[in-house]
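Input: a single structure, listed below in structure tokens.
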Amino acid sequence: MEIKQYQIIIVNLDPTVGKEFKKTRPCLVISPNEMNKYLRTITIAPITSKSKDYFTRVRFILEGYDNWIAIDQIRTVDSTRIIKIIGELEAKEIKRVKTIIKETFVD
């Protein structure tokens, strides 16, 4: 399975600790294509359907419903946790994700 940046994938996030996002859920691929091709790990941001409008969350529509990409919960997972690819983020949401990542993690 070829994983590409900004695809939406289903990932099994269990086991988790504390307040980490749990269960099998959609996630956005954050890691660049070159890393995804050669490493056995993928950097993702979990997606949730229940969220407040936090600064670190990017709201978008997934399968007809409001969802939020949790930039504050970015993590790296082994590629064996990936179940399937279900879609791809649109250009306007990609731009917003990049902006929030930069504002959150880059000076």
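In the structure tokens, chains take the letters A, B, ... in the order shown, each chain's residues start at 1, and ligands count up from 1 in the order shown.
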
Counting only C-alpha atoms, which residues of segment 31-78 of chain A fall within 9 Å of segment 7-24 of chain A, and what is the closest atom pair for each with its distance in Å at one decimal, ordered by chain and rising number, as JSON lines?
```
{"residue": "A:Pro46", "atom": "CA", "partner": "A:Phe21", "partner_atom": "CA", "distance": 7.0}
{"residue": "A:Ile47", "atom": "CA", "partner": "A:Phe21", "partner_atom": "CA", "distance": 8.9}
{"residue": "A:Thr48", "atom": "CA", "partner": "A:Phe21", "partner_atom": "CA", "distance": 8.7}
{"residue": "A:Gln73", "atom": "CA", "partner": "A:Glu20", "partner_atom": "CA", "distance": 7.1}
{"residue": "A:Val77", "atom": "CA", "partner": "A:Leu13", "partner_atom": "CA", "distance": 8.1}
```

Can you spit out the residues from that selection as a PDB file, in the first residue's frame, using N, CA and C atoms?
```pdb
ATOM      1  N   PRO A  46      -4.474  12.434  14.205  1.00  0.00           N
ATOM      2  CA  PRO A  46      -5.784  11.783  14.331  1.00  0.00           C
ATOM      3  C   PRO A  46      -6.928  12.732  13.956  1.00  0.00           C
ATOM      4  N   ILE A  47      -8.023  12.144  13.523  1.00  0.00           N
ATOM      5  CA  ILE A  47      -9.225  12.888  13.172  1.00  0.00           C
ATOM      6  C   ILE A  47     -10.327  12.491  14.139  1.00  0.00           C
ATOM      7  N   THR A  48     -11.085  13.491  14.602  1.00  0.00           N
ATOM      8  CA  THR A  48     -12.184  13.229  15.525  1.00  0.00           C
ATOM      9  C   THR A  48     -13.454  13.900  15.029  1.00  0.00           C
ATOM     10  N   GLN A  73      -2.270  16.421  18.420  1.00  0.00           N
ATOM     11  CA  GLN A  73      -2.094  15.000  18.736  1.00  0.00           C
ATOM     12  C   GLN A  73      -1.231  14.274  17.697  1.00  0.00           C
ATOM     13  N   VAL A  77       3.472   6.401  13.853  1.00  0.00           N
ATOM     14  CA  VAL A  77       3.027   5.030  14.073  1.00  0.00           C
ATOM     15  C   VAL A  77       3.707   4.098  13.071  1.00  0.00           C
TER      16      VAL A  77
END
```

May I have the residues within 8 Å of Ile44 of chain A as a PyMOL selection string, using only C-alpha atoms and disregarding those fewer than 3 positions away in the same chain?
chain A and resi 27-31+74-77

Out of A:Arg40, A:Arg57, A:Arg25, A:Lys4, which residue has the shortest atom-to-atom distance to Ile83 of chain A when counting only C-alpha atoms?
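Smallest separation from Ile83 of chain A among the options: A:Arg25.
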
Spatial neighbours of Glu93 of chain A, max dist 10 Å, only C-alpha atoms, sep filter under 2 positions, as a VMD selection string
chain A and resid 6 58 to 61 69 89 to 91 95 to 99

Residues as selected, C-alpha atoms, written as a short mmCIF file (atom, residue, chain, number, x, y, z; two decimals), in the first residue's frame, can you do that?
```cif
data_model
loop_
_atom_site.label_atom_id
_atom_site.label_comp_id
_atom_site.auth_asym_id
_atom_site.auth_seq_id
_atom_site.Cartn_x
_atom_site.Cartn_y
_atom_site.Cartn_z
CA TYR A 6 -2.39 14.38 3.05
CA VAL A 58 -8.67 21.96 11.52
CA ARG A 59 -12.37 21.53 10.76
CA PHE A 60 -13.40 19.81 7.53
CA ILE A 61 -16.15 17.62 6.12
CA ILE A 69 -7.85 17.12 12.39
CA LEU A 89 -7.63 16.16 1.94
CA GLU A 90 -8.68 19.03 -0.34
CA ALA A 91 -6.30 21.91 -1.17
CA LYS A 95 -3.24 24.95 3.34
CA ARG A 96 -4.93 25.33 6.75
CA VAL A 97 -3.14 22.23 8.13
CA LYS A 98 0.23 23.63 7.01
CA THR A 99 -0.56 26.99 8.62
#
```

With distances taken over only C-alpha atoms, the candidate from A:Ile94, A:Ile82, A:Ile3, A:Ala45 nearest Ala70 of chain A is A:Ala45

Proximity to Ile101 of chain A - best of A:Gly64, A:Ile85, A:Asp78, A:Phe55, only C-alpha atoms
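Nearest to Ile101 of chain A: A:Phe55.
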